[in-house]
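Note sheet for the following structure.
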Amino acid sequence: MLPEIPDQRGKVSEAEWQARVDLAAAYRLVAREGWDDMLSTHISARVPGEDGVFLINPYGLLFSQVTASSLIKVDYQGNRLSESPFPHNPAAIVIHAAVLEAREDVASIVHLHTIPGVAVSTHADGLMPLNQRALYFQNVLAYHDYEGLALDDEERVSLVEHLGDKQVMLLRNHGTLVCGSTVAQAYVASFFFEKACQMQVQTLSCGVPLTPLSKEVIEKVPEQAKHMAHWGRLEWPALLAVLDGEDDSYRS
């Protein structure tokens, strides 16, 4: 039986509670899509109004079990600032704290180990410009070479250096990392990036000649995709409505 989780409602600010609800929803949505990896991988969200503080999942709950109250509040050094019967994953501190500390424009980060995402991270050419969805990401995509389990503080430096000002990063031979100005944007961008990776894997598996795109089109489409900056605004209420209709316990 799982230990009892302290109810955080009424103990935190309204802004923090809303961040908790949105982040818990993101965990549930990731699980709903089948992108989770047992206890591995993580999604973070800044705590509004508190410098150097963010929320992360408890290391002991599946993504489908995460609730707003169960999320753990930590600082960039990994010090815990909220009650929890669970530990937290130290790799989450290295990855998420590094990016959140360096990038004030980032409020949420999604890190996944999906089969398509890991597969594309091992491709020498990374995400290839094979279709419209992949083209969206050409100008916002960075790469980070694998350095082992993300447990060393030294990797914080290389992660930030390789990410630069990009929104998405392929962690070579490891997985994906997607940043957003909100939890909603980070989740929706992850959804479409996963689609792009899945399309590449399935396309290459066909073993038939491919239709190449012109350099002109490859350069044109990312410039046309200005709506990426608004991802999450329309999609998020609809996604929450789906969750609420199926199981609204993430709000507890």
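Ligands are numbered from 1 in the order shown, residues from 1 within each chain, and chains are lettered A, B, ... in the order they appear in the structure tokens.
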Secondary structure check, strand (DSSP E) residues of range 84-246 of chain A, as number ranges by chain: A: 108-112, 141-144, 168-171, 175-180
Neighbour list for Arg20 in chain A as a PyMOL selection string, cut-off 9 Å, only C-alpha atoms, skip fewer than 4 positions in-chain: chain A and resi 15-16+24-25+45+47+55+67-71+251
Alpha helix (DSSP H) call set, DSSP backbone run, range 8-223 of chain A, as a PyMOL selection string: chain A and resi 14-33+90-92+98-102+115-122+132-136+154-163+183-205+215-223
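Minimum distance to Leu135 in chain A across A:Gly52, A:Ala238, A:Ala196, A:Pro6 (counting only C-alpha atoms) occurs at A:Ala196.
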Distance criterion (only C-alpha atoms): nearest to Glu235 in chain A out of A:Ile115, A:Ala98, A:Ala184, A:Met199: A:Ala184
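Of the listed residues (A:Asp7, A:Asp165, A:Asp244, A:Glu14), A:Asp165 comes nearest to Asp105 in chain A; the distances count only C-alpha atoms.
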8 Å contact set for range 216-232 of chain A, only C-alpha atoms, chain neighbours under 2 positions out, as an MDAnalysis selection string: chainID A and resid 129 132 135:139 184:189 213:214 234:236
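With only C-alpha atoms as the basis for measurement, A:Ile56 is the residue among A:Ile56, A:Leu141, A:Val30, A:Arg103 that approaches Arg80 in chain A most closely.
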Nearest-residue call for Thr41 in chain A, choices A:Gln18, A:Gln200, A:Thr211, A:Asn57, using only C-alpha atoms: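 Among the listed residues, the smallest separation from Thr41 in chain A belongs to A:Asn57.
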Nearest to His42 in chain A, chosen from A:Pro58, A:Gly180, A:Gly164, A:Pro3, with only C-alpha atoms counted in the distances: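 Nearest to His42 in chain A: A:Pro58.
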Give me, as a Markdown table, each residue of range 143-194 of chain A that comes within 9 Å of range 86-93 of chain A, together with its shortest interatomic pair and the distance in Å at one decimal, counting only C-alpha atoms, with rows ordered by chain and rising residue number.
| residue | atom | partner | partner_atom | distance |
| --- | --- | --- | --- | --- |
| A:Leu149 | CA | A:Ala91 | CA | 7.3 |
| A:Ala150 | CA | A:Ala91 | CA | 5.0 |
| A:Leu151 | CA | A:Ala91 | CA | 5.1 |
| A:Asp152 | CA | A:Ala91 | CA | 8.3 |
Deliver the residues from the most recent selection as a file, using N, CA and C atoms, as an mmCIF file, in the first residue's frame.
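Final file, selection.cif:
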data_model
loop_
_atom_site.group_PDB
_atom_site.id
_atom_site.type_symbol
_atom_site.label_atom_id
_atom_site.label_comp_id
_atom_site.auth_asym_id
_atom_site.auth_seq_id
_atom_site.Cartn_x
_atom_site.Cartn_y
_atom_site.Cartn_z
ATOM 1 N N LEU A 149 24.496 8.598 -16.787
ATOM 2 C CA LEU A 149 23.355 8.992 -15.973
ATOM 3 C C LEU A 149 23.543 10.426 -15.498
ATOM 4 N N ALA A 150 22.492 11.207 -15.575
ATOM 5 C CA ALA A 150 22.597 12.645 -15.264
ATOM 6 C C ALA A 150 22.661 12.863 -13.752
ATOM 7 N N LEU A 151 23.770 12.452 -13.170
ATOM 8 C CA LEU A 151 23.946 12.559 -11.720
ATOM 9 C C LEU A 151 25.078 13.508 -11.338
ATOM 10 N N ASP A 152 25.849 13.945 -12.328
ATOM 11 C CA ASP A 152 27.002 14.805 -12.048
ATOM 12 C C ASP A 152 26.655 16.264 -12.287
#
May I have the residues within 6 Å of Gly175 in chain A as a PDB file with N, CA and C atoms, in the first residue's frame, using only C-alpha atoms and disregarding those fewer than 5 positions away in the same chain?
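Listed below is the output, around23.pdb:
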ATOM      1  N   LEU A 112      11.573  12.890 -21.593  1.00  0.00           N
ATOM      2  CA  LEU A 112      10.979  11.588 -21.853  1.00  0.00           C
ATOM      3  C   LEU A 112      11.982  10.598 -22.432  1.00  0.00           C
ATOM      4  N   HIS A 113      11.629   9.305 -22.301  1.00  0.00           N
ATOM      5  CA  HIS A 113      12.409   8.208 -22.883  1.00  0.00           C
ATOM      6  C   HIS A 113      11.518   7.375 -23.809  1.00  0.00           C
ATOM      7  N   GLY A 117      11.418   8.653 -29.581  1.00  0.00           N
ATOM      8  CA  GLY A 117      12.340   9.716 -29.206  1.00  0.00           C
ATOM      9  C   GLY A 117      13.760   9.215 -29.011  1.00  0.00           C
ATOM     10  N   VAL A 118      13.910   8.091 -28.310  1.00  0.00           N
ATOM     11  CA  VAL A 118      15.237   7.515 -28.112  1.00  0.00           C
ATOM     12  C   VAL A 118      15.811   7.042 -29.446  1.00  0.00           C
TER      13      VAL A 118
END
